[in-house]
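S.K.: One file: start33.cif (mmCIF, C-alpha atoms and all ligand atoms).
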```cif
data_start
#
loop_
_atom_site.label_atom_id
_atom_site.label_comp_id
_atom_site.auth_asym_id
_atom_site.auth_seq_id
_atom_site.Cartn_x
_atom_site.Cartn_y
_atom_site.Cartn_z
CA MET V 16 -55.18 -17.65 85.83
CA LYS V 17 -54.19 -15.08 88.45
CA ALA V 18 -56.61 -12.30 89.34
CA ALA V 19 -56.94 -9.44 91.83
CA ILE V 20 -60.12 -10.17 93.77
CA PHE V 21 -62.07 -7.40 95.49
CA TYR V 22 -63.18 -8.63 98.92
CA GLY V 23 -64.34 -5.26 100.19
CA LEU V 24 -62.98 -1.93 101.31
CA ASN V 25 -59.18 -2.00 101.60
CA ASP V 26 -59.14 -5.72 100.87
CA ILE V 27 -57.85 -7.00 97.52
CA ARG V 28 -56.27 -10.44 97.28
CA ILE V 29 -54.45 -12.17 94.45
CA GLU V 30 -56.06 -15.54 93.77
CA GLU V 31 -56.44 -18.19 91.12
CA ARG V 32 -59.60 -18.02 89.01
CA GLU V 33 -60.99 -20.15 86.19
CA MET V 34 -60.13 -19.06 82.66
CA PRO V 35 -63.18 -17.35 81.13
CA LYS V 36 -65.07 -19.06 78.32
CA CYS V 37 -65.08 -17.40 74.92
CA PRO V 38 -68.48 -15.68 74.52
CA LYS V 39 -70.56 -16.25 71.38
CA GLY V 40 -69.52 -13.68 68.80
CA GLY V 41 -66.90 -12.36 71.23
CA LEU V 42 -63.29 -13.04 72.12
CA ILE V 43 -60.80 -13.65 74.90
CA MET V 44 -58.23 -10.93 75.46
CA LYS V 45 -54.89 -11.72 76.98
CA VAL V 46 -54.37 -8.74 79.27
CA CYS V 47 -51.01 -7.01 78.90
CA TYR V 48 -51.59 -3.75 80.77
CA VAL V 49 -54.07 -2.35 83.23
CA THR V 50 -54.01 1.08 84.81
CA THR V 51 -55.25 2.60 88.05
CA CYS V 52 -58.09 5.08 87.88
CA GLY V 53 -59.73 7.44 90.36
CA THR V 54 -62.78 5.20 90.17
CA ASP V 55 -60.68 2.25 91.37
CA VAL V 56 -59.40 4.27 94.30
CA LYS V 57 -62.95 5.28 95.24
CA ARG V 58 -64.13 1.71 95.04
CA TYR V 59 -61.21 0.45 97.11
CA LYS V 60 -61.29 3.18 99.73
CA ARG V 61 -64.88 4.22 100.25
CA PRO V 62 -68.45 3.09 99.56
CA TYR V 63 -69.06 3.39 95.85
CA ALA V 64 -72.35 3.99 94.07
CA ILE V 65 -72.05 1.65 91.09
CA ASP V 66 -72.62 -2.07 91.36
CA ARG V 67 -70.92 -3.58 88.35
CA GLY V 68 -73.05 -6.69 88.67
CA GLN V 69 -70.25 -9.19 89.12
CA GLY V 70 -71.27 -10.93 92.30
CA GLU V 71 -69.86 -10.83 95.78
CA TYR V 72 -66.12 -11.21 95.17
CA PRO V 73 -65.51 -9.78 91.71
CA ILE V 74 -62.26 -9.30 89.87
CA PHE V 75 -61.10 -5.73 90.46
CA GLY V 76 -60.35 -3.00 87.89
CA HIS V 77 -61.95 -1.75 84.70
CA GLU V 78 -59.24 -0.51 82.32
CA ALA V 79 -57.15 -2.85 80.16
CA SER V 80 -55.35 -3.39 76.89
CA GLY V 81 -53.89 -6.55 75.47
CA LEU V 82 -53.81 -9.06 72.65
CA VAL V 83 -56.58 -11.11 71.12
CA TYR V 84 -55.99 -14.60 72.48
CA LYS V 85 -58.97 -16.47 71.10
CA VAL V 86 -61.92 -15.55 68.89
CA ASP V 87 -65.33 -17.15 68.58
CA GLU V 88 -66.07 -18.45 65.08
CA GLU V 89 -68.80 -15.82 64.69
CA CYS V 90 -66.37 -12.99 65.42
CA LYS V 91 -65.15 -11.75 62.06
CA ASP V 92 -63.59 -8.35 62.76
CA PHE V 93 -60.75 -9.39 65.06
CA LYS V 94 -58.08 -12.03 64.78
CA VAL V 95 -55.71 -13.71 67.20
CA GLY V 96 -52.74 -11.46 67.96
CA ASP V 97 -54.49 -8.12 67.31
CA ARG V 98 -53.46 -5.38 69.76
CA ILE V 99 -56.71 -4.14 71.28
CA VAL V 100 -58.22 -1.93 73.91
CA THR V 101 -61.73 -2.30 75.15
CA HIS V 102 -63.97 0.09 77.00
CA ASP V 103 -65.38 -1.13 80.31
CA ALA V 104 -69.02 -0.96 79.23
CA THR V 105 -71.29 -0.35 76.32
CA ALA V 106 -74.68 1.26 76.00
CA CYS V 107 -77.45 -0.78 74.37
CA GLY V 108 -78.07 1.62 71.48
CA ASN V 109 -81.80 0.82 71.49
CA CYS V 110 -83.37 2.35 74.59
CA TYR V 111 -85.07 5.73 74.98
CA TRP V 112 -81.90 7.40 76.31
CA CYS V 113 -79.65 5.94 73.63
CA LYS V 114 -82.07 7.14 70.97
CA LYS V 115 -82.04 10.60 72.56
CA GLY V 116 -78.23 10.72 72.24
CA LEU V 117 -77.76 10.11 75.98
CA SER V 118 -76.06 6.74 75.79
CA ASN V 119 -73.97 7.72 78.84
CA ILE V 120 -77.03 7.16 81.03
CA CYS V 121 -78.35 4.08 79.23
CA PRO V 122 -80.00 1.84 81.84
CA ASN V 123 -79.09 -1.32 79.89
CA MET V 124 -75.30 -1.10 79.92
CA THR V 125 -73.34 -4.25 79.23
CA ARG V 126 -70.31 -4.22 81.51
CA LEU V 127 -66.95 -5.84 81.03
CA GLY V 128 -65.80 -8.08 83.88
CA GLY V 129 -62.97 -6.94 86.15
CA THR V 130 -59.74 -6.38 84.24
CA TRP V 131 -56.97 -6.93 86.80
CA THR V 132 -56.39 -10.48 85.66
CA GLU V 133 -54.64 -12.41 82.92
CA TYR V 134 -57.54 -13.10 80.55
CA ILE V 135 -60.87 -11.37 79.99
CA ALA V 136 -63.93 -12.40 78.02
CA VAL V 137 -65.07 -9.58 75.74
CA ASP V 138 -68.77 -9.80 75.03
CA LYS V 139 -70.11 -9.40 71.46
CA LYS V 140 -71.83 -6.09 72.27
CA ILE V 141 -68.71 -4.52 73.79
CA LEU V 142 -66.68 -5.90 70.92
CA GLU V 143 -68.93 -4.40 68.26
CA LYS V 144 -69.32 -0.98 69.82
CA ASN V 145 -66.38 -0.22 72.08
CA THR V 146 -63.34 -2.31 71.22
CA PHE V 147 -60.56 -0.81 69.14
CA LYS V 148 -57.50 -2.11 67.34
CA VAL V 149 -54.55 -0.13 68.65
CA PRO V 150 -52.32 1.13 65.84
CA ASN V 151 -48.58 0.60 66.19
CA ASN V 152 -47.90 4.30 66.83
CA VAL V 153 -49.87 4.11 70.09
CA PRO V 154 -48.07 2.39 72.98
CA LEU V 155 -50.26 -0.47 74.20
CA GLU V 156 -49.71 0.65 77.80
CA LEU V 157 -51.33 4.02 77.00
CA ALA V 158 -54.40 2.44 75.40
CA PRO V 159 -56.34 1.68 78.64
CA ALA V 160 -56.57 5.46 79.08
CA VAL V 161 -59.25 5.48 76.36
CA GLU V 162 -61.83 4.80 79.08
CA PRO V 163 -61.08 7.77 81.37
CA MET V 164 -60.28 10.02 78.41
CA ALA V 165 -63.73 9.27 76.99
CA CYS V 166 -65.17 10.60 80.27
CA ALA V 167 -62.87 13.62 80.03
CA MET V 168 -64.18 14.12 76.49
CA HIS V 169 -67.75 13.98 77.80
CA CYS V 170 -66.89 16.84 80.17
CA ALA V 171 -64.96 18.82 77.54
CA GLU V 172 -67.90 18.63 75.14
CA ALA V 173 -70.33 19.66 77.87
CA ALA V 174 -68.13 22.71 78.55
CA ASN V 175 -69.15 24.01 75.12
CA VAL V 176 -65.98 26.09 74.94
CA ARG V 177 -65.71 29.15 72.75
CA LEU V 178 -62.33 30.54 71.73
CA GLY V 179 -60.71 32.38 74.64
CA ASP V 180 -63.13 31.17 77.33
CA TYR V 181 -61.79 31.08 80.86
CA VAL V 182 -62.15 27.56 82.21
CA VAL V 183 -61.11 26.52 85.70
CA VAL V 184 -60.47 22.83 86.34
CA ASN V 185 -60.41 21.89 90.02
CA GLY V 186 -58.37 18.72 90.35
CA ALA V 187 -55.48 17.71 88.09
CA GLY V 188 -55.66 13.95 88.44
CA PRO V 189 -55.81 11.84 85.26
CA LEU V 190 -59.35 12.97 84.42
CA GLY V 191 -58.66 16.61 85.21
CA LEU V 192 -55.54 16.46 83.04
CA GLY V 193 -57.52 14.96 80.16
CA ILE V 194 -60.14 17.70 80.49
CA ILE V 195 -57.40 20.35 80.55
CA LYS V 196 -55.91 18.91 77.37
CA TYR V 197 -59.21 18.77 75.51
CA VAL V 198 -60.63 22.15 76.53
CA SER V 199 -57.35 23.92 75.84
CA ALA V 200 -57.24 22.25 72.42
CA MET V 201 -60.77 23.62 71.91
CA GLY V 202 -59.50 27.15 72.58
CA ALA V 203 -60.03 27.66 76.32
CA GLN V 204 -57.64 29.49 78.63
CA VAL V 205 -57.32 27.07 81.49
CA ILE V 206 -56.73 27.63 85.19
CA ALA V 207 -55.75 24.37 86.92
CA CYS V 208 -56.07 23.96 90.69
CA ASP V 209 -54.62 21.12 92.73
CA MET V 210 -52.88 20.42 96.03
CA SER V 211 -50.02 18.59 94.31
CA GLU V 212 -47.19 20.59 92.74
CA PHE V 213 -46.32 17.58 90.59
CA ARG V 214 -49.81 17.38 89.14
CA LEU V 215 -49.83 21.12 88.48
CA GLU V 216 -46.60 20.73 86.53
CA MET V 217 -48.33 18.07 84.43
CA ALA V 218 -51.33 20.39 84.04
CA LYS V 219 -49.02 23.01 82.52
CA LYS V 220 -47.70 20.44 80.08
CA MET V 221 -51.28 19.53 79.15
CA GLY V 222 -52.06 23.14 78.27
CA ALA V 223 -53.07 24.97 81.47
CA LYS V 224 -52.23 28.66 81.20
CA TRP V 225 -52.22 29.22 84.96
CA THR V 226 -51.91 26.90 87.94
CA ILE V 227 -53.03 27.47 91.51
CA HIS V 228 -51.48 25.47 94.30
CA VAL V 229 -54.33 24.79 96.71
CA THR V 230 -53.52 24.98 100.42
CA GLU V 231 -55.71 25.08 103.53
CA GLU V 232 -55.09 28.82 103.95
CA LEU V 233 -55.74 29.83 100.34
CA ASP V 234 -58.96 31.62 99.38
CA GLN V 235 -59.30 29.54 96.26
CA ILE V 236 -62.39 31.24 94.87
CA LYS V 237 -60.70 34.63 95.10
CA ALA V 238 -57.47 33.28 93.58
CA VAL V 239 -59.34 31.85 90.59
CA ARG V 240 -61.48 34.93 89.99
CA ALA V 241 -58.39 37.16 90.25
CA LEU V 242 -57.06 35.55 87.07
CA THR V 243 -60.13 36.59 85.06
CA PRO V 244 -60.74 40.14 83.71
CA ASN V 245 -62.21 42.39 86.43
CA GLU V 246 -62.40 39.28 88.63
CA ARG V 247 -65.63 38.42 86.84
CA GLY V 248 -65.15 34.66 87.19
CA CYS V 249 -64.82 31.83 84.70
CA ASP V 250 -67.04 31.06 81.76
CA VAL V 251 -66.90 27.43 82.81
CA ALA V 252 -66.00 26.03 86.25
CA ILE V 253 -65.29 22.31 86.42
CA GLU V 254 -65.04 20.04 89.46
CA ALA V 255 -62.82 17.00 88.88
CA VAL V 256 -62.11 15.95 92.47
CA GLY V 257 -65.29 14.25 93.68
CA LEU V 258 -65.82 15.86 97.08
CA PRO V 259 -68.98 17.76 98.10
CA LYS V 260 -66.77 20.53 99.52
CA THR V 261 -65.13 21.05 96.12
CA TRP V 262 -68.49 20.81 94.35
CA GLU V 263 -69.62 23.76 96.47
CA LEU V 264 -66.35 25.64 96.06
CA THR V 265 -66.52 25.38 92.27
CA ILE V 266 -69.90 27.13 91.95
CA PRO V 267 -68.83 30.71 92.84
CA MET V 268 -65.83 30.42 90.52
CA ALA V 269 -68.18 30.79 87.53
CA ARG V 270 -69.04 34.21 86.12
CA LYS V 271 -72.59 35.56 85.89
CA GLY V 272 -74.41 33.46 83.35
CA GLY V 273 -71.61 30.89 83.55
CA LEU V 274 -71.63 27.12 83.52
CA VAL V 275 -70.65 24.86 86.42
CA LEU V 276 -69.86 21.24 85.60
CA GLU V 277 -69.90 18.87 88.56
CA PHE V 278 -67.94 16.14 86.86
CA ALA V 279 -66.39 13.87 89.50
CA GLY V 280 -68.77 11.65 91.46
CA CYS V 281 -68.99 11.99 95.26
CA ALA V 282 -69.67 9.24 97.79
CA PRO V 283 -73.31 8.05 97.83
CA GLY V 284 -75.63 9.83 100.26
CA THR V 285 -73.71 13.11 100.22
CA SER V 286 -75.26 16.46 99.31
CA ILE V 287 -74.28 20.06 98.67
CA THR V 288 -75.74 23.45 99.51
CA VAL V 289 -76.22 26.08 96.84
CA ASP V 290 -76.73 29.79 97.49
CA THR V 291 -80.14 30.34 95.89
CA ALA V 292 -79.56 34.07 95.41
CA LEU V 293 -76.33 33.37 93.55
CA LEU V 294 -78.01 30.76 91.39
CA HIS V 295 -80.95 33.07 90.64
CA TYR V 296 -79.35 36.48 90.17
CA SER V 297 -76.22 35.20 88.47
CA GLU V 298 -78.26 32.87 86.30
CA LEU V 299 -75.79 30.05 86.75
CA THR V 300 -76.20 26.68 85.11
CA ILE V 301 -75.07 23.78 87.28
CA LYS V 302 -74.84 20.47 85.52
CA GLY V 303 -73.91 16.99 86.71
CA LEU V 304 -72.01 14.71 84.36
CA PHE V 305 -71.72 10.96 84.24
CA HIS V 306 -69.77 8.50 82.14
CA THR V 307 -69.49 8.99 78.39
CA THR V 308 -71.26 8.34 75.11
CA LEU V 309 -70.45 5.99 72.25
CA GLN V 310 -69.39 8.97 70.12
CA GLN V 311 -67.11 10.34 72.82
CA ILE V 312 -65.39 6.97 73.28
CA GLN V 313 -64.58 7.06 69.57
CA MET V 314 -63.35 10.67 69.88
CA ALA V 315 -61.15 9.79 72.85
CA PHE V 316 -59.67 6.87 70.95
CA ASP V 317 -59.00 9.13 67.94
CA SER V 318 -57.34 11.71 70.19
CA MET V 319 -54.99 9.00 71.38
CA VAL V 320 -54.20 7.85 67.85
CA ASN V 321 -53.49 11.51 67.02
CA LEU V 322 -51.10 11.60 69.99
CA LEU V 323 -52.99 14.32 71.84
CA ILE V 324 -52.60 12.36 75.08
CA PRO V 325 -48.90 12.03 75.91
CA ARG V 326 -47.92 8.64 77.26
CA ASP V 327 -45.25 9.98 79.58
CA ILE V 328 -47.62 12.33 81.37
CA MET V 329 -50.60 10.04 81.62
CA ILE V 330 -48.90 6.75 82.50
CA THR V 331 -46.58 6.57 85.49
CA GLY V 332 -45.11 3.91 87.76
CA ASN V 333 -44.41 0.29 87.05
CA TYR V 334 -46.20 -2.41 88.99
CA THR V 335 -47.19 -6.05 88.60
CA LEU V 336 -50.35 -7.91 89.52
CA ASP V 337 -48.66 -9.07 92.74
CA ASN V 338 -48.14 -5.51 93.95
CA CYS V 339 -51.23 -3.97 92.36
CA VAL V 340 -52.48 -2.81 95.76
CA GLN V 341 -49.38 -0.64 96.02
CA ALA V 342 -50.26 0.89 92.64
CA LEU V 343 -53.68 1.80 94.06
CA GLU V 344 -52.28 3.14 97.31
CA ASP V 345 -49.77 5.26 95.41
CA HIS V 346 -52.50 6.59 93.13
CA SER V 347 -54.55 7.41 96.19
CA ASN V 348 -51.56 9.24 97.73
CA GLN V 349 -51.13 11.18 94.48
CA ILE V 350 -47.88 9.41 93.61
CA GLY V 351 -47.94 9.39 89.82
CA ILE V 352 -50.92 9.99 87.54
CA LYS V 353 -52.29 6.69 86.22
CA ASN V 354 -50.15 3.89 87.57
CA LEU V 355 -49.28 1.11 85.15
CA ILE V 356 -49.67 -2.53 86.15
CA LYS V 357 -47.98 -4.84 83.71
CA ILE V 358 -49.82 -8.14 83.62
CA SER V 359 -48.01 -9.97 80.82
CA LYS V 360 -45.64 -9.54 77.89
CA GLU V 361 -46.89 -8.21 74.56
CA THR V 362 -46.56 -11.65 72.98
CA LEU V 363 -48.90 -14.62 72.85
ZN ZN V 401 -61.30 4.48 84.64
ZN ZN V 402 -79.52 2.24 75.93
#
```
Using structure tokens, write down the structure from this file.
Ligand SMILES: [Zn+2]
Ligand SMILES: [Zn+2]
M.R.:
Amino acid sequence: MKAAIFYGLNDIRIEEREMPKCPKGGLIMKVCYVTTCGTDVKRYKRPYAIDRGQGEYPIFGHEASGLVYKVDEECKDFKVGDRIVTHDATACGNCYWCKKGLSNICPNMTRLGGTWTEYIAVDKKILEKNTFKVPNNVPLELAPAVEPMACAMHCAEAANVRLGDYVVVNGAGPLGLGIIKYVSAMGAQVIACDMSEFRLEMAKKMGAKWTIHVTEELDQIKAVRALTPNERGCDVAIEAVGLPKTWELTIPMARKGGLVLEFAGCAPGTSITVDTALLHYSELTIKGLFHTTLQQIQMAFDSMVNLLIPRDIMITGNYTLDNCVQALEDHSNQIGIKNLIKISKETL
């Protein structure tokens, strides 16, 4: 089978790989669609913090949907031909953190292998906890977005929105757009900030009440605060870019007693500076966020089934495995939102 192999920064090659074996209690998925994600861009373009444990030259990518191609005899819940989407990892469900409701930081995650290939083995654990049958009303090419939307849901839930809250979302990439959709559905009044006019247009469609086009000259903190009553700042300020500079910029956008959510991961080894007086006297809460929980993956899937995530906004472009690097480059250059790579037809 053909696969996109990650050789290192800026180096992905299409090569032949062995077909995976069907895991005990698991299945083999024939991949129909994969999508680009900010995480893929980070991994391709810069040192990335997470080792997915797949050896030196792993198959690239982590989002996919497709058809059940083969099932192990012990797998009873899925049958050949089912349209499915699978999350890229699953928490163990048994450790201290899982039992505390923090399955997003479970240290015993089972990870799916790279998805930018023709067939993937889906392990029993991932199958039981984080694999979904995609109903016919959901386009199969939208289904891989369950993974990032589950992370967006993690952020939206952490925002703890109350009706009418002012929420600023810095960054209107796929994750930022998902967050905008969810928090506005929860009753927030959203200010979206981005450097791309196209993405801001999409942010409006996803429910943002105001958009701010970020330029080098703009005093972004002032511009955000100016949209809130008496320039008091936002109830919740969210960073969805993944740069230390934006992490810092987001903090003074929050009102006194407000919440700052540093959602998008930065490159390893980076740090930020926080004004201690601001933190103390304004009684800010600054919280980091990572990944998603089992419950939020289910919620994200449900939101897709309920058509809260529009296919035409979230999924853009049309690529194949052979030009998948172009899909990544375009994502990185903010051409499109999540770029679609069609791996195979929706037939067995
Ligand atoms: Zn992703
Ligand atoms: Zn666990």
S.K.: List the spatial neighbours of range 155-158 of chain V as a PDB file with C-alpha atoms, in the frame of the given file - criterion: any atom at most 12 Å away, only C-alpha atoms, same-chain residues fewer than 4 positions off excluded.
M.R.:
```
ATOM      1  CA  VAL V  46     -54.370  -8.740  79.270  1.00  0.00           C
ATOM      2  CA  CYS V  47     -51.010  -7.010  78.900  1.00  0.00           C
ATOM      3  CA  TYR V  48     -51.590  -3.750  80.770  1.00  0.00           C
ATOM      4  CA  VAL V  49     -54.070  -2.350  83.230  1.00  0.00           C
ATOM      5  CA  THR V  50     -54.010   1.080  84.810  1.00  0.00           C
ATOM      6  CA  THR V  51     -55.250   2.600  88.050  1.00  0.00           C
ATOM      7  CA  GLU V  78     -59.240  -0.510  82.320  1.00  0.00           C
ATOM      8  CA  ALA V  79     -57.150  -2.850  80.160  1.00  0.00           C
ATOM      9  CA  SER V  80     -55.350  -3.390  76.890  1.00  0.00           C
ATOM     10  CA  GLY V  81     -53.890  -6.550  75.470  1.00  0.00           C
ATOM     11  CA  LEU V  82     -53.810  -9.060  72.650  1.00  0.00           C
ATOM     12  CA  ASP V  97     -54.490  -8.120  67.310  1.00  0.00           C
ATOM     13  CA  ARG V  98     -53.460  -5.380  69.760  1.00  0.00           C
ATOM     14  CA  ILE V  99     -56.710  -4.140  71.280  1.00  0.00           C
ATOM     15  CA  VAL V 100     -58.220  -1.930  73.910  1.00  0.00           C
ATOM     16  CA  THR V 101     -61.730  -2.300  75.150  1.00  0.00           C
ATOM     17  CA  HIS V 102     -63.970   0.090  77.000  1.00  0.00           C
ATOM     18  CA  THR V 146     -63.340  -2.310  71.220  1.00  0.00           C
ATOM     19  CA  PHE V 147     -60.560  -0.810  69.140  1.00  0.00           C
ATOM     20  CA  LYS V 148     -57.500  -2.110  67.340  1.00  0.00           C
ATOM     21  CA  VAL V 149     -54.550  -0.130  68.650  1.00  0.00           C
ATOM     22  CA  PRO V 150     -52.320   1.130  65.840  1.00  0.00           C
ATOM     23  CA  ASN V 151     -48.580   0.600  66.190  1.00  0.00           C
ATOM     24  CA  GLU V 162     -61.830   4.800  79.080  1.00  0.00           C
ATOM     25  CA  PRO V 163     -61.080   7.770  81.370  1.00  0.00           C
ATOM     26  CA  MET V 164     -60.280  10.020  78.410  1.00  0.00           C
ATOM     27  CA  ALA V 165     -63.730   9.270  76.990  1.00  0.00           C
ATOM     28  CA  ALA V 315     -61.150   9.790  72.850  1.00  0.00           C
ATOM     29  CA  PHE V 316     -59.670   6.870  70.950  1.00  0.00           C
ATOM     30  CA  ASP V 317     -59.000   9.130  67.940  1.00  0.00           C
ATOM     31  CA  SER V 318     -57.340  11.710  70.190  1.00  0.00           C
ATOM     32  CA  MET V 319     -54.990   9.000  71.380  1.00  0.00           C
ATOM     33  CA  VAL V 320     -54.200   7.850  67.850  1.00  0.00           C
ATOM     34  CA  LEU V 322     -51.100  11.600  69.990  1.00  0.00           C
ATOM     35  CA  LEU V 323     -52.990  14.320  71.840  1.00  0.00           C
ATOM     36  CA  ILE V 324     -52.600  12.360  75.080  1.00  0.00           C
ATOM     37  CA  PRO V 325     -48.900  12.030  75.910  1.00  0.00           C
ATOM     38  CA  ARG V 326     -47.920   8.640  77.260  1.00  0.00           C
ATOM     39  CA  ASP V 327     -45.250   9.980  79.580  1.00  0.00           C
ATOM     40  CA  ILE V 328     -47.620  12.330  81.370  1.00  0.00           C
ATOM     41  CA  MET V 329     -50.600  10.040  81.620  1.00  0.00           C
ATOM     42  CA  ILE V 330     -48.900   6.750  82.500  1.00  0.00           C
ATOM     43  CA  THR V 331     -46.580   6.570  85.490  1.00  0.00           C
ATOM     44  CA  GLY V 332     -45.110   3.910  87.760  1.00  0.00           C
ATOM     45  CA  ASN V 333     -44.410   0.290  87.050  1.00  0.00           C
ATOM     46  CA  LYS V 353     -52.290   6.690  86.220  1.00  0.00           C
ATOM     47  CA  ASN V 354     -50.150   3.890  87.570  1.00  0.00           C
ATOM     48  CA  LEU V 355     -49.280   1.110  85.150  1.00  0.00           C
ATOM     49  CA  ILE V 356     -49.670  -2.530  86.150  1.00  0.00           C
ATOM     50  CA  LYS V 357     -47.980  -4.840  83.710  1.00  0.00           C
ATOM     51  CA  ILE V 358     -49.820  -8.140  83.620  1.00  0.00           C
ATOM     52  CA  SER V 359     -48.010  -9.970  80.820  1.00  0.00           C
ATOM     53  CA  LYS V 360     -45.640  -9.540  77.890  1.00  0.00           C
ATOM     54  CA  GLU V 361     -46.890  -8.210  74.560  1.00  0.00           C
ATOM     55  CA  THR V 362     -46.560 -11.650  72.980  1.00  0.00           C
TER      56      THR V 362
END
```
S.K.: Given the choices V:Gly179, V:Val340, V:Asp345, V:Tyr111, which gets closest to Leu24 in chain V if the distance is worked out from all atoms listed in the file?
M.R.: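 Smallest separation from Leu24 in chain V among the options: V:Val340.
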S.K.: What is the distance between CA of Gln349 in chain V and CA of Val256 in chain V, in Å to one decimal?
M.R.: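 Interatomic distance, CA of Gln349 in chain V to CA of Val256 in chain V: 12.1 Å.
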S.K.: Record the distance separating CA of Thr307 in chain V and CA of Val275 in chain V, expressed in Å with one decimal.
M.R.: 17.8 Å
S.K.: Using all atoms listed in the file, tabulate the residues of chain V lying at most 6 Å from any atom of ligand ZN 402 (chain V), each with its closest atom pair and that distance in Å to one decimal, by chain and increasing residue number, as a Markdown table.
M.R.:
```
| residue | atom | partner | partner_atom | distance |
| --- | --- | --- | --- | --- |
| V:Ala106 | CA | V:ZN402 | ZN | 4.9 |
| V:Cys107 | CA | V:ZN402 | ZN | 4.0 |
| V:Gly108 | CA | V:ZN402 | ZN | 4.7 |
| V:Asn109 | CA | V:ZN402 | ZN | 5.2 |
| V:Cys110 | CA | V:ZN402 | ZN | 4.1 |
| V:Trp112 | CA | V:ZN402 | ZN | 5.7 |
| V:Cys113 | CA | V:ZN402 | ZN | 4.4 |
| V:Ser118 | CA | V:ZN402 | ZN | 5.7 |
| V:Cys121 | CA | V:ZN402 | ZN | 4.0 |
| V:Pro122 | CA | V:ZN402 | ZN | 5.9 |
| V:Asn123 | CA | V:ZN402 | ZN | 5.3 |
```
S.K.: Using all atoms listed in the file, give me every residue within 6 Å of (-56.2, 19.7, 86.6) in file coordinates, as a ChimeraX atom specification.
M.R.: /V:184-187,191-192,207-208,218
S.K.: Please provide as a PyMOL selection string all residues within 10 Å of range 135-138 of chain V, with the sequence filter that same-chain residues fewer than 3 positions apart are discarded (counting only C-alpha atoms).
M.R.: chain V and resi 34-46+79+81+83-86+101-105+125-132+141-143+146
S.K.: Calculate how many Å separate CA of Cys339 in chain V from CA of Ile27 in chain V, rounding to one decimal.
M.R.: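 So the answer is 8.9 Å.
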S.K.: Find the residues near Glu172 in chain V: any atom within 10 Å, counting only C-alpha atoms, skip ones fewer than 2 places away on the same chain, and give them as a list of chain:residue names.
M.R.: V:Cys166, V:Ala167, V:Met168, V:His169, V:Cys170, V:Ala174, V:Asn175, V:Val176, V:Ile194, V:Tyr197, V:Val198, V:Met201, V:Gln311
S.K.: Which is closest to ligand ZN 401 (chain V) among V:Ile301, V:Val182, V:Lys17, V:His306, if we use only C-alpha atoms and all ligand atoms?
M.R.: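 Distance minimum relative to ligand ZN 401 (chain V) lands on V:His306.
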S.K.: Looking at all atoms listed in the file, which of V:Glu254, V:Asp55, V:Glu216, V:Glu263 is the one that sits closest to ligand ZN 401 (chain V)?
M.R.: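 Closest to ligand ZN 401 (chain V) of all the choices is V:Asp55.
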S.K.: Centre and edge lengths, as AutoDock Vina command-line options, for the axis-aligned box enclosing every listed atom of range 140-157 of chain V with 6 Å of padding on each of the six sides, in Å to one decimal?
M.R.:
```
--center_x -59.9 --center_y -0.9 --center_z 71.8 --size_x 35.9 --size_y 22.4 --size_z 24.0
```
S.K.: Ranking V:Trp225, V:Tyr22, V:Phe75, V:Tyr181 by minimum distance to ligand ZN 401 (chain V) and counting all atoms listed in the file, which one comes first?
M.R.: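 Checking each of V:Trp225, V:Tyr22, V:Phe75, V:Tyr181 against ligand ZN 401 (chain V), counting all atoms listed in the file, the winner is V:Phe75.
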S.K.: Find the residue from V:Asp26, V:Lys260, V:Thr54, V:Glu31 that sits nearest to ligand ZN 401 (chain V); use all atoms listed in the file when measuring.
M.R.: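 Closest candidate: V:Thr54.
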S.K.: Out of V:His77, V:Lys224, V:His346, V:Arg32, which residue has the shortest atom-to-atom distance to Ala203 in chain V when counting all atoms listed in the file?
M.R.: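 Checking each of V:His77, V:Lys224, V:His346, V:Arg32 against Ala203 in chain V, counting all atoms listed in the file, the winner is V:Lys224.
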S.K.: Excluding same-chain residues fewer than 5 positions from Met221 in chain V, what lies within 8 Å of it counting all atoms listed in the file, as a list in words?
M.R.: Leu192, Gly193, Ile195 and Lys196 of chain V
S.K.: So that I can check the surroundings of Val229 in chain V, please list as a short mmCIF file (atom, residue, chain, number, x, y, z; two decimals) with C-alpha atoms, in the frame of the given file every protein, DNA and RNA residue that reaches within 9 Å of it, counting all atoms listed in the file and ignoring chain neighbours fewer than 5 positions away.
M.R.:
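What landed in around-v5.cif:
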```
data_model
loop_
_atom_site.label_atom_id
_atom_site.label_comp_id
_atom_site.auth_asym_id
_atom_site.auth_seq_id
_atom_site.Cartn_x
_atom_site.Cartn_y
_atom_site.Cartn_z
CA CYS V 208 -56.07 23.96 90.69
CA ASP V 209 -54.62 21.12 92.73
CA MET V 210 -52.88 20.42 96.03
CA SER V 211 -50.02 18.59 94.31
CA ASP V 234 -58.96 31.62 99.38
CA GLN V 235 -59.30 29.54 96.26
#
```
